[in-house]
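File shown: coords18.cif. Contents: mmCIF, C-alpha atoms and all ligand atoms.
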```
data_coords
loop_
_atom_site.label_atom_id
_atom_site.label_comp_id
_atom_site.auth_asym_id
_atom_site.auth_seq_id
_atom_site.Cartn_x
_atom_site.Cartn_y
_atom_site.Cartn_z
CA MET A 1 4.70 -7.54 2.83
CA ILE A 2 2.19 -7.20 5.70
CA ASN A 3 3.14 -4.59 8.33
CA ASN A 4 1.29 -2.69 11.02
CA ARG A 5 0.11 0.07 8.68
CA HIS A 6 -1.20 -1.85 5.69
CA ASP A 7 -1.42 -4.92 3.53
CA LEU A 8 -2.57 -4.15 0.02
CA LYS A 9 -2.07 -5.14 -3.61
CA ASP A 10 -0.25 -2.20 -5.17
CA ILE A 11 0.46 1.22 -3.69
CA SER A 12 1.01 2.68 -7.17
CA LEU A 13 -2.78 2.52 -7.70
CA ALA A 14 -3.25 5.27 -5.09
CA ASP A 15 -3.79 8.21 -7.49
CA GLN A 16 -6.46 6.32 -9.43
CA GLY A 17 -8.12 5.40 -6.14
CA ARG A 18 -8.18 9.03 -5.01
CA GLU A 19 -9.81 10.13 -8.29
CA ARG A 20 -12.55 7.54 -7.86
CA ILE A 21 -13.09 8.35 -4.17
CA GLU A 22 -13.56 12.02 -5.09
CA TRP A 23 -15.93 11.01 -7.88
CA ALA A 24 -18.08 8.99 -5.44
CA LEU A 25 -18.17 11.94 -3.03
CA THR A 26 -20.01 14.03 -5.62
CA GLU A 27 -22.98 11.66 -5.10
CA MET A 28 -22.74 11.72 -1.30
CA PRO A 29 -24.02 15.15 -0.22
CA VAL A 30 -25.40 13.99 3.14
CA LEU A 31 -22.14 12.36 4.17
CA SER A 32 -20.27 15.47 2.92
CA ALA A 33 -22.35 17.71 5.17
CA ILE A 34 -21.68 15.41 8.13
CA HIS A 35 -17.97 15.44 7.22
CA ASP A 36 -17.90 19.23 7.38
CA ARG A 37 -19.76 19.30 10.69
CA PHE A 38 -17.48 16.60 12.15
CA ALA A 39 -14.40 18.57 11.02
CA LYS A 40 -15.63 21.57 13.05
CA GLU A 41 -17.03 19.80 16.10
CA ARG A 42 -14.63 16.81 16.35
CA PRO A 43 -17.22 14.54 18.05
CA LEU A 44 -14.94 11.48 17.77
CA GLU A 45 -11.75 13.04 19.13
CA GLY A 46 -9.40 10.22 20.14
CA ALA A 47 -11.84 7.35 19.44
CA ARG A 48 -10.01 4.19 18.29
CA ILE A 49 -12.18 2.52 15.64
CA SER A 50 -11.68 -0.73 13.72
CA GLY A 51 -13.90 -1.15 10.66
CA CYS A 52 -14.42 -4.42 8.80
CA LEU A 53 -16.17 -3.10 5.69
CA HIS A 54 -16.13 -3.52 1.92
CA ILE A 55 -13.18 -1.41 0.83
CA THR A 56 -14.86 0.72 -1.81
CA THR A 57 -14.89 4.37 -2.82
CA GLU A 58 -17.98 4.89 -0.65
CA THR A 59 -16.38 3.31 2.41
CA ALA A 60 -13.35 5.53 1.89
CA ASN A 61 -15.61 8.59 2.17
CA LEU A 62 -17.12 7.22 5.37
CA ALA A 63 -13.61 6.66 6.74
CA LEU A 64 -12.62 10.23 5.85
CA THR A 65 -15.71 11.54 7.62
CA LEU A 66 -14.86 9.65 10.81
CA LYS A 67 -11.26 10.79 10.59
CA ALA A 68 -12.40 14.40 10.15
CA GLY A 69 -14.38 13.90 13.37
CA GLY A 70 -11.19 13.03 15.24
CA ALA A 71 -11.29 9.21 15.03
CA ASP A 72 -8.17 7.08 14.87
CA LEU A 73 -9.33 4.49 12.35
CA VAL A 74 -8.09 1.19 10.89
CA LEU A 75 -9.88 -0.73 8.12
CA CYS A 76 -9.93 -4.30 6.90
CA ALA A 77 -11.98 -6.05 4.19
CA SER A 78 -15.34 -7.61 5.02
CA ASN A 79 -15.23 -9.93 2.03
CA PRO A 80 -12.29 -11.49 0.14
CA LEU A 81 -13.61 -10.44 -3.29
CA SER A 82 -15.05 -6.97 -2.70
CA THR A 83 -11.90 -4.91 -2.18
CA GLN A 84 -11.14 -2.19 -4.71
CA ASP A 85 -7.34 -2.31 -4.65
CA ASP A 86 -6.91 1.27 -5.84
CA VAL A 87 -9.08 2.49 -2.96
CA ALA A 88 -7.02 0.53 -0.41
CA ALA A 89 -3.87 2.11 -1.87
CA ALA A 90 -5.34 5.64 -1.74
CA LEU A 91 -6.52 5.19 1.86
CA VAL A 92 -2.97 4.37 2.91
CA GLN A 93 -0.99 6.69 0.63
CA HIS A 94 -3.15 9.80 0.45
CA TYR A 95 -5.27 9.66 3.58
CA GLN A 96 -3.01 7.86 6.08
CA ILE A 97 -5.70 5.38 7.07
CA PRO A 98 -4.17 1.96 7.80
CA THR A 99 -5.91 -0.61 5.58
CA PHE A 100 -5.61 -4.39 5.36
CA ALA A 101 -7.38 -5.61 2.22
CA ILE A 102 -6.44 -7.31 -1.03
CA ARG A 103 -8.98 -8.32 -3.66
CA GLY A 104 -8.86 -12.11 -4.02
CA GLU A 105 -7.19 -12.72 -0.65
CA ASP A 106 -7.55 -16.28 0.63
CA ASP A 107 -9.44 -17.11 3.80
CA SER A 108 -6.36 -17.18 6.03
CA THR A 109 -5.26 -13.74 4.77
CA TYR A 110 -8.81 -12.48 5.28
CA TYR A 111 -8.73 -13.51 8.95
CA ARG A 112 -5.14 -12.25 9.34
CA HIS A 113 -6.39 -8.85 8.16
CA ILE A 114 -9.20 -8.89 10.72
CA ALA A 115 -6.62 -9.76 13.39
CA LYS A 116 -4.57 -6.74 12.27
CA ALA A 117 -7.62 -4.47 12.58
CA LEU A 118 -8.24 -5.84 16.07
CA GLY A 119 -4.60 -5.19 16.92
CA HIS A 120 -5.61 -1.51 16.87
CA ARG A 121 -7.35 -2.21 20.21
CA PRO A 122 -10.62 -0.58 19.12
CA GLN A 123 -13.04 1.18 21.42
CA LEU A 124 -15.65 1.15 18.66
CA THR A 125 -16.20 -1.46 15.93
CA MET A 126 -17.88 -1.23 12.54
CA ASP A 127 -18.92 -4.41 10.80
CA ASP A 128 -20.46 -5.57 7.56
CA GLY A 129 -21.46 -9.17 8.26
CA ALA A 130 -20.32 -9.37 11.91
CA ASP A 131 -17.00 -11.13 11.27
CA LEU A 132 -15.06 -8.55 13.31
CA VAL A 133 -17.37 -8.86 16.31
CA SER A 134 -17.33 -12.63 15.99
CA GLU A 135 -13.50 -12.80 15.86
CA LEU A 136 -13.28 -10.36 18.75
CA HIS A 137 -15.47 -12.53 20.96
CA LYS A 138 -13.83 -15.80 19.85
CA ASN A 139 -10.14 -14.88 19.70
CA ARG A 140 -9.54 -11.48 21.32
CA SER A 141 -11.78 -11.51 24.39
CA ASP A 142 -8.97 -9.61 26.15
CA LEU A 143 -10.13 -6.54 24.20
CA LEU A 144 -13.80 -6.76 25.19
CA ALA A 145 -13.45 -4.67 28.36
CA GLY A 146 -12.23 -1.71 26.30
CA ILE A 147 -15.07 -1.74 23.77
CA ILE A 148 -17.82 0.84 24.06
CA GLY A 149 -19.95 -0.41 21.19
CA GLY A 150 -20.21 -1.30 17.54
CA THR A 151 -22.29 -0.84 14.42
CA GLU A 152 -23.51 -3.43 11.93
CA GLU A 153 -24.35 -2.65 8.31
CA THR A 154 -26.12 -5.75 6.97
CA THR A 155 -29.21 -7.91 7.43
CA THR A 156 -26.99 -10.99 7.75
CA GLY A 157 -24.81 -9.38 10.42
CA VAL A 158 -27.81 -8.21 12.43
CA ILE A 159 -29.27 -11.74 12.38
CA ARG A 160 -25.93 -13.11 13.64
CA LEU A 161 -25.69 -10.48 16.38
CA ARG A 162 -29.27 -11.09 17.53
CA ALA A 163 -28.39 -14.79 17.83
CA MET A 164 -25.32 -13.84 19.92
CA ALA A 165 -27.43 -11.55 22.12
CA ALA A 166 -30.08 -14.27 22.59
CA ASP A 167 -27.31 -16.65 23.73
CA GLY A 168 -26.07 -14.03 26.20
CA ALA A 169 -22.79 -14.06 24.26
CA LEU A 170 -22.74 -10.44 23.04
CA LYS A 171 -20.49 -8.43 25.36
CA PHE A 172 -21.11 -4.88 24.11
CA PRO A 173 -23.96 -2.92 22.54
CA VAL A 174 -24.28 -2.92 18.77
CA ILE A 175 -26.38 -0.58 16.64
CA ALA A 176 -28.21 -2.28 13.78
CA VAL A 177 -27.60 0.32 11.06
CA ASN A 178 -29.26 -2.06 8.59
CA ASP A 179 -32.58 -1.63 10.36
CA ALA A 180 -32.74 2.15 9.92
CA LEU A 181 -35.48 2.97 7.43
CA THR A 182 -33.16 5.31 5.53
CA LYS A 183 -30.80 2.34 5.17
CA HIS A 184 -32.67 -0.83 4.20
CA LEU A 185 -35.55 0.74 2.26
CA PHE A 186 -33.04 2.34 -0.10
CA ASP A 187 -29.68 0.53 0.09
CA ASN A 188 -31.08 -3.01 0.26
CA ARG A 189 -33.78 -2.35 -2.36
CA TYR A 190 -32.46 0.17 -4.89
CA GLY A 191 -28.75 -0.35 -4.17
CA THR A 192 -28.83 -4.14 -4.34
CA GLY A 193 -31.33 -4.00 -7.19
CA GLN A 194 -29.15 -1.88 -9.46
CA SER A 195 -25.74 -3.24 -8.44
CA THR A 196 -26.75 -6.90 -8.69
CA LEU A 197 -28.04 -6.42 -12.21
CA ASP A 198 -24.88 -4.41 -12.95
CA GLY A 199 -22.70 -7.33 -11.73
CA ILE A 200 -24.63 -9.91 -13.77
CA ILE A 201 -24.52 -7.79 -16.91
CA ARG A 202 -20.81 -6.90 -16.57
CA ALA A 203 -19.95 -10.57 -15.99
CA THR A 204 -22.07 -12.07 -18.76
CA ASN A 205 -23.06 -9.34 -21.24
CA ILE A 206 -26.30 -11.29 -21.82
CA LEU A 207 -29.51 -9.43 -22.68
CA LEU A 208 -32.06 -9.96 -19.91
CA ALA A 209 -35.10 -9.11 -22.00
CA GLY A 210 -37.18 -12.22 -22.65
CA LYS A 211 -35.20 -14.39 -20.23
CA ILE A 212 -36.62 -16.28 -17.25
CA PHE A 213 -35.00 -14.78 -14.16
CA THR A 214 -35.49 -16.34 -10.73
CA VAL A 215 -34.82 -14.51 -7.48
CA ALA A 216 -34.58 -16.60 -4.30
CA GLY A 217 -35.81 -14.53 -1.36
CA TYR A 218 -38.24 -11.62 -1.35
CA GLY A 219 -36.74 -9.50 1.40
CA TRP A 220 -35.74 -5.92 0.60
CA CYS A 221 -32.77 -7.08 -1.50
CA GLY A 222 -34.79 -9.68 -3.39
CA ARG A 223 -37.53 -7.13 -4.02
CA GLY A 224 -35.01 -4.72 -5.51
CA ILE A 225 -33.42 -7.35 -7.76
CA ALA A 226 -36.83 -8.59 -8.96
CA MET A 227 -38.04 -5.05 -9.66
CA ARG A 228 -34.98 -4.19 -11.74
CA ALA A 229 -34.93 -7.53 -13.62
CA LYS A 230 -38.57 -6.93 -14.55
CA GLY A 231 -37.59 -3.48 -15.78
CA HIS A 232 -35.08 -5.12 -18.13
CA GLY A 233 -37.89 -7.18 -19.67
CA ALA A 234 -37.16 -10.50 -17.95
CA GLN A 235 -39.95 -12.80 -16.79
CA VAL A 236 -39.33 -12.89 -13.05
CA ILE A 237 -40.00 -15.83 -10.72
CA ILE A 238 -39.75 -15.56 -6.92
CA THR A 239 -38.98 -18.47 -4.61
CA GLU A 240 -39.69 -18.02 -0.90
CA VAL A 241 -40.13 -19.92 2.34
CA ASP A 242 -42.19 -17.19 4.03
CA PRO A 243 -45.90 -17.33 3.07
CA LEU A 244 -46.43 -13.61 3.60
CA ARG A 245 -43.53 -12.61 1.38
CA ALA A 246 -44.58 -15.17 -1.24
CA LEU A 247 -48.07 -13.67 -1.25
CA GLU A 248 -46.64 -10.20 -1.60
CA ALA A 249 -44.46 -11.32 -4.51
CA ALA A 250 -47.50 -12.86 -6.22
CA MET A 251 -49.53 -9.67 -5.80
CA ASP A 252 -46.58 -7.59 -7.00
CA GLY A 253 -47.08 -9.51 -10.24
CA PHE A 254 -44.33 -12.15 -10.04
CA ARG A 255 -44.67 -15.90 -10.56
CA VAL A 256 -44.09 -17.83 -7.34
CA MET A 257 -43.00 -21.48 -7.23
CA PRO A 258 -40.58 -23.82 -5.44
CA MET A 259 -36.93 -23.70 -6.49
CA LEU A 260 -37.04 -27.25 -7.91
CA GLU A 261 -39.60 -26.10 -10.47
CA ALA A 262 -37.91 -22.77 -11.11
CA ALA A 263 -34.47 -24.35 -11.63
CA ALA A 264 -35.73 -26.45 -14.53
CA ILE A 265 -36.90 -23.42 -16.54
CA SER A 266 -34.68 -20.48 -15.49
CA ASP A 267 -32.01 -18.75 -17.53
CA PHE A 268 -30.78 -16.89 -14.42
CA ILE A 269 -31.08 -17.75 -10.73
CA ILE A 270 -29.95 -15.20 -8.14
CA THR A 271 -29.94 -15.95 -4.41
CA ALA A 272 -30.66 -13.23 -1.85
CA THR A 273 -31.88 -15.10 1.21
CA GLY A 274 -29.10 -14.98 3.82
CA ASP A 275 -29.39 -18.76 4.24
CA LYS A 276 -27.28 -21.67 3.08
CA HIS A 277 -27.69 -24.13 0.18
CA VAL A 278 -30.65 -22.37 -1.37
CA LEU A 279 -29.29 -23.81 -4.60
CA ASP A 280 -28.26 -27.37 -3.84
CA GLN A 281 -27.43 -30.66 -5.56
CA ALA A 282 -31.12 -31.49 -6.12
CA HIS A 283 -31.49 -28.25 -8.08
CA PHE A 284 -28.30 -28.81 -10.09
CA GLU A 285 -29.71 -32.19 -11.11
CA VAL A 286 -32.65 -30.56 -12.91
CA ILE A 287 -31.27 -27.11 -13.75
CA LYS A 288 -31.67 -25.83 -17.30
CA ASP A 289 -28.60 -26.13 -19.52
CA GLY A 290 -26.60 -22.87 -19.56
CA CYS A 291 -28.34 -21.38 -16.53
CA VAL A 292 -26.40 -18.48 -14.96
CA ILE A 293 -26.36 -18.69 -11.17
CA ALA A 294 -25.17 -15.98 -8.81
CA ASN A 295 -25.45 -14.89 -5.20
CA SER A 296 -26.22 -11.46 -3.85
CA GLY A 297 -26.41 -12.44 -0.17
CA HIS A 298 -23.59 -11.58 2.22
CA PHE A 299 -21.89 -14.99 2.50
CA ASN A 300 -20.90 -17.47 -0.22
CA VAL A 301 -23.01 -20.25 1.31
CA GLU A 302 -26.28 -19.74 -0.55
CA ILE A 303 -25.09 -21.83 -3.52
CA ASN A 304 -23.69 -25.23 -2.56
CA ILE A 305 -20.46 -24.85 -4.51
CA PRO A 306 -18.73 -27.96 -3.08
CA ALA A 307 -21.70 -30.03 -4.38
CA LEU A 308 -21.38 -28.36 -7.78
CA GLU A 309 -17.63 -29.01 -7.85
CA ASN A 310 -18.34 -32.69 -7.05
CA MET A 311 -20.91 -33.05 -9.80
CA ALA A 312 -18.83 -31.32 -12.47
CA VAL A 313 -16.72 -33.32 -14.93
CA LYS A 314 -15.09 -30.18 -16.36
CA LYS A 315 -14.70 -26.55 -15.36
CA HIS A 316 -13.37 -23.55 -17.26
CA ARG A 317 -13.44 -19.76 -17.09
CA PRO A 318 -14.89 -18.33 -20.32
CA ARG A 319 -14.91 -14.73 -18.99
CA SER A 320 -13.68 -13.09 -15.83
CA ASN A 321 -16.08 -13.69 -12.97
CA VAL A 322 -17.69 -16.65 -14.79
CA ASP A 323 -16.94 -20.32 -14.07
CA ALA A 324 -18.63 -22.80 -16.43
CA TYR A 325 -19.22 -26.19 -14.80
CA GLN A 326 -19.95 -29.03 -17.20
CA LEU A 327 -22.01 -31.89 -15.78
CA GLU A 328 -21.80 -35.55 -16.80
CA ASP A 329 -24.92 -35.35 -19.02
CA GLY A 330 -23.44 -32.40 -20.94
CA ARG A 331 -25.39 -29.56 -19.27
CA THR A 332 -23.44 -26.49 -18.22
CA ILE A 333 -24.03 -24.34 -15.14
CA ARG A 334 -22.45 -20.88 -15.20
CA LEU A 335 -21.51 -19.60 -11.75
CA LEU A 336 -20.70 -15.92 -11.28
CA ALA A 337 -18.06 -14.50 -8.92
CA GLU A 338 -17.41 -17.82 -7.18
CA GLY A 339 -20.76 -17.48 -5.43
CA ARG A 340 -19.64 -14.35 -3.56
CA LEU A 341 -21.82 -11.26 -3.61
CA VAL A 342 -22.03 -10.61 -7.31
CA ASN A 343 -22.76 -6.88 -6.97
CA LEU A 344 -19.43 -6.19 -5.25
CA ALA A 345 -17.32 -8.92 -6.85
CA ALA A 346 -18.36 -8.37 -10.49
CA ALA A 347 -19.38 -4.71 -10.22
CA GLU A 348 -18.68 -1.91 -7.73
CA GLY A 349 -21.34 -2.52 -5.10
CA HIS A 350 -24.17 -0.12 -4.42
CA PRO A 351 -23.79 3.28 -6.06
CA ALA A 352 -22.58 6.17 -3.91
CA THR A 353 -25.97 7.88 -4.18
CA VAL A 354 -27.54 5.26 -1.93
CA MET A 355 -24.47 4.52 0.25
CA ASP A 356 -24.72 8.22 1.13
CA MET A 357 -27.70 7.44 3.38
CA SER A 358 -26.34 4.16 4.74
CA PHE A 359 -23.04 5.72 5.70
CA ALA A 360 -24.66 8.88 7.07
CA ASN A 361 -26.45 6.52 9.47
CA GLN A 362 -23.13 4.80 10.21
CA ALA A 363 -21.28 8.04 10.92
CA LEU A 364 -24.00 9.45 13.16
CA SER A 365 -24.45 6.12 14.97
CA VAL A 366 -20.72 5.87 15.67
CA ALA A 367 -20.74 9.40 17.14
CA TYR A 368 -23.82 8.51 19.21
CA LEU A 369 -22.07 5.39 20.56
CA TRP A 370 -18.93 7.34 21.44
CA GLU A 371 -21.06 9.79 23.39
CA GLN A 372 -23.67 7.51 24.93
CA GLY A 373 -22.63 3.89 24.31
CA VAL A 374 -21.52 3.29 27.90
CA ASP A 375 -25.15 3.65 29.00
CA LEU A 376 -26.47 1.02 26.57
CA GLU A 377 -26.96 -2.61 27.52
CA ASN A 378 -25.14 -5.40 25.70
CA SER A 379 -27.72 -6.10 23.02
CA VAL A 380 -28.67 -5.05 19.49
CA HIS A 381 -30.10 -1.51 19.39
CA PRO A 382 -31.94 0.41 16.68
CA VAL A 383 -30.48 3.54 15.12
CA PRO A 384 -32.03 6.38 17.18
CA SER A 385 -35.09 7.56 15.24
CA ASN A 386 -33.91 11.18 15.24
CA ILE A 387 -30.83 10.07 13.27
CA ASP A 388 -32.98 8.17 10.75
CA GLN A 389 -35.28 11.22 10.34
CA GLN A 390 -32.33 13.59 10.05
CA VAL A 391 -30.84 11.50 7.22
CA ALA A 392 -34.16 11.53 5.33
CA VAL A 393 -34.51 15.30 5.73
CA MET A 394 -30.92 15.92 4.62
CA LYS A 395 -31.19 13.61 1.59
CA LEU A 396 -34.43 15.23 0.44
CA ALA A 397 -32.86 18.67 0.77
CA ALA A 398 -29.77 17.52 -1.13
CA MET A 399 -32.03 16.23 -3.91
CA GLY A 400 -33.68 19.65 -4.08
CA LEU A 401 -37.04 18.25 -3.01
CA SER A 402 -39.38 19.96 -0.59
CA ILE A 403 -42.51 18.48 0.92
CA ASP A 404 -45.72 19.69 2.55
CA SER A 405 -46.15 20.04 6.31
CA LEU A 406 -49.23 19.51 8.46
CA SER A 407 -51.38 22.54 9.24
CA PRO A 408 -52.24 23.06 12.94
CA GLU A 409 -55.78 21.91 12.06
CA GLN A 410 -54.44 18.67 10.53
CA GLN A 411 -52.13 18.09 13.46
CA ALA A 412 -55.03 18.50 15.89
CA TYR A 413 -57.14 16.08 13.80
CA LEU A 414 -54.45 13.40 13.92
CA SER A 415 -54.10 13.65 17.68
CA SER A 416 -57.83 13.62 18.46
CA TRP A 417 -60.24 10.70 18.54
CA GLN A 418 -63.58 12.57 18.83
CA GLU A 419 -63.91 13.66 15.20
CA GLY A 420 -65.41 11.04 12.84
CA THR A 421 -67.66 11.18 9.79
N1 LIG B 1 -22.21 -2.66 0.39
C1 LIG B 1 -22.85 -2.70 -0.78
N2 LIG B 1 -22.35 -1.80 -1.63
C2 LIG B 1 -21.34 -1.18 -0.99
C3 LIG B 1 -20.44 -0.14 -1.35
N3 LIG B 1 -20.48 0.42 -2.55
N4 LIG B 1 -19.54 0.25 -0.43
C4 LIG B 1 -19.51 -0.34 0.77
N5 LIG B 1 -20.33 -1.30 1.17
C5 LIG B 1 -21.25 -1.72 0.30
#
```

Using structure tokens, write down the structure that the file contains.
Amino acid sequence: MINNRHDLKDISLADQGRERIEWALTEMPVLSAIHDRFAKERPLEGARISGCLHITTETANLALTLKAGGADLVLCASNPLSTQDDVAAALVQHYQIPTFAIRGEDDSTYYRHIAKALGHRPQLTMDDGADLVSELHKNRSDLLAGIIGGTEETTTGVIRLRAMAADGALKFPVIAVNDALTKHLFDNRYGTGQSTLDGIIRATNILLAGKIFTVAGYGWCGRGIAMRAKGHGAQVIITEVDPLRALEAAMDGFRVMPMLEAAAISDFIITATGDKHVLDQAHFEVIKDGCVIANSGHFNVEINIPALENMAVKKHRPRSNVDAYQLEDGRTIRLLAEGRLVNLAAAEGHPATVMDMSFANQALSVAYLWEQGVDLENSVHPVPSNIDQQVAVMKLAAMGLSIDSLSPEQQAYLSSWQEGT
């Protein structure tokens, strides 16, 4: 039964959730150090925060860090299929963080949960995909005056927020955590790379070696997926709409071709573009029999599932997270995780090791907003570069790596223009 403190699947999962949250923390040394500093300095004392994030073990550790800093925090899911129900239970039972999230919730429950998080009357928001900010502007504009600022975790959310800002619709400053170098170069590339392959393998248990594996989109996520699929011995094809990225993919050693050609020969097709209907009816008409299709982008719009449903004469679920659609001519298309982000729906999302940096940026950006957000204009702002640098330095140190530093002579050389050959 939904109440003001929580809506979750099963509170008896709380002990298991706590074990897994503690396990993840062992791979999050940067966030741990920030947690300990926040516990001493309490930089978020009294800040009311609503977070619409994937409810995972890593997010739980971010939430505990903010709470240690003095924040009064409420969480809701940022995707209907990404919630780890044991984590939601632990957040409520063991850590007293109100949480509204149930894996498999329908769309109306999803939005009801966002409404609950907004009922907290946040001063700061945290988003993964911009649904909280969007709902706030559309349905709870009464709260806007009390908001100091927000953070956004994903490429998709940042694109949405930039569109809002360009329309003059964005009514508070938002920090684009995604755009920090210590976020997207690692989380989007290595995190999405590993976790997407993990989701595909857990769902299908098919050997990738020797298979033709198409990745739609060669942004940081697409690059990571392609790199890891190649490492498994697949022949990787990239489809793109951006000539520069297509060229880069070609020179990185991948085959590049339009999706209509790729669909006819691929054993796997994974979308990571952030756009809609990248796999559409025209592709389903030529797609290879048995092709596995999945999405790793934020929203479930990249594969035109209604078109697939229309074309199918039969549908069944041979394994969890796999729907087999049989077409009239006998071909089968195998869709993973209902077209939702396969890395979180069929696996556990990015590993803690990489979320450590993403969430260090989140935690420090939230504290920055609480301190200085009132001075920022209502637009999308970068993570301050000193935060980005600090996260890189802390992660290197935690990995036991040291690096060289410039000598005074080298420093002088770099800042002079007189010295040549
Ligand atoms: N986004 C991708 N992976 C994630 C994870 N493990 N936790 C929270 N958000 C994520």

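You will find CA of Trp370 in chain A at 19.0 Å from CA of Asp128 in chain A.
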
Using only the atoms of ligand LIG 1 (chain B) listed in the file, plus 5 Å on each side, state the axis-aligned box centre and edge lengths in Å rounded to one decimal, as lines of an AutoDock Vina configuration file.
```
center_x = -21.2
center_y = -1.1
center_z = -0.7
size_x = 13.3
size_y = 13.1
size_z = 13.7
```

Using all atoms listed in the file, which residues of chain A come within 6 Å of ligand LIG 1 (chain B), and what is the closest atom pair for each, with the distance in Å to one decimal? Give it as CSV, sorted by chain and residue number.
```
residue,atom,partner,partner_atom,distance
A:His54,CA,B:LIG1,C4,4.8
A:Thr56,CA,B:LIG1,N4,4.9
A:Glu58,CA,B:LIG1,N4,4.9
A:Thr59,CA,B:LIG1,C4,5.1
A:Glu348,CA,B:LIG1,N3,6.0
A:Gly349,CA,B:LIG1,N2,3.7
A:His350,CA,B:LIG1,N2,3.7
A:Pro351,CA,B:LIG1,N3,5.6
```

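Comparing A:Val322, A:Val74, A:Leu376, A:Ile212 by their smallest distance to Lys171 in chain A, the closest is A:Leu376 (using only C-alpha atoms).
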
What is the CA of His232 in chain A-CA of Thr353 in chain A distance in Å, reported with one decimal?
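About the pair CA of His232 in chain A and CA of Thr353 in chain A: they are 21.1 Å apart.
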
Excluding same-chain residues fewer than 6 positions from Gly224 in chain A, what lies within 6 Å of it counting only C-alpha atoms, as a PyMOL selection string?
chain A and resi 189-190+193

Nearest to Gly46 in chain A: which of A:Val393, A:Gln123, A:Ile11, A:Thr204 is it, counting only C-alpha atoms?
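Smallest separation from Gly46 in chain A among the options: A:Gln123.
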
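Residue nearest Tyr325 in chain A, chosen from A:Val313, A:Leu25, A:Ala263, A:Leu170 and counting all atoms listed in the file: A:Val313.
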
Residue neighbourhood range 49-53 of chain A, 7 Å, only C-alpha atoms, exclusion window fewer than 2 positions, as JSON, numbers by chain:
{"A": [47, 55, 71, 72, 73, 74, 75, 76, 77, 78, 117, 118, 120, 122, 123, 124, 125, 126, 127, 128, 132]}

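The neighbours of Asn61 in chain A here are the residues that come within 9 Å of it, using all atoms listed in the file and leaving out any residue fewer than 5 positions away in the same chain; they are Ile21, Glu22, Ala24, Leu25, Met28, Leu31, Ser32, His35, Thr56, Leu66 and Phe359 of chain A.
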
List as a list of chain:residue names: which residues have an atom within 9 Å of (-36.8, -29.5, -5.9), counting all atoms listed in the file?
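Residues with an atom at most 9 Å from (-36.8, -29.5, -5.9): A:Pro258, A:Met259, A:Leu260, A:Glu261, A:Ala262, A:Ala263, A:Ala282, A:His283, A:Val286.
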
Kindly export the residues of the current selection with C-alpha atoms, as a compact mmCIF listing (two decimals), in the coordinates of the input.
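selection20.txt written:
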```txt
# COMPACT_ATOMS: atom_id res chain seq x y z
CA PRO A 258 -40.58 -23.82 -5.44
CA MET A 259 -36.93 -23.70 -6.49
CA LEU A 260 -37.04 -27.25 -7.91
CA GLU A 261 -39.60 -26.10 -10.47
CA ALA A 262 -37.91 -22.77 -11.11
CA ALA A 263 -34.47 -24.35 -11.63
CA ALA A 282 -31.12 -31.49 -6.12
CA HIS A 283 -31.49 -28.25 -8.08
CA VAL A 286 -32.65 -30.56 -12.91
```

Kindly give the distance, in Å, that separates CA of Gly330 in chain A and CA of Ile303 in chain A, rounded to a single decimal.
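Between these atoms lies a distance of 20.4 Å.
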
Wanna dump the range 172-259 of chain A-range 144-147 of chain A contacts at 12 Å for me, each residue with its shortest atom pair and the distance in Å to one decimal, counting only C-alpha atoms, ordered by chain and number, as CSV?
```
residue,atom,partner,partner_atom,distance
A:Phe172,CA,A:Ile147,CA,6.8
A:Pro173,CA,A:Ile147,CA,9.1
A:Val174,CA,A:Ile147,CA,10.5
```

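Checking A:Ile333, A:Leu396, A:Val380, A:Leu161 one by one against Asp356 in chain A, counting all atoms listed in the file, you find the shortest gap at A:Leu396.
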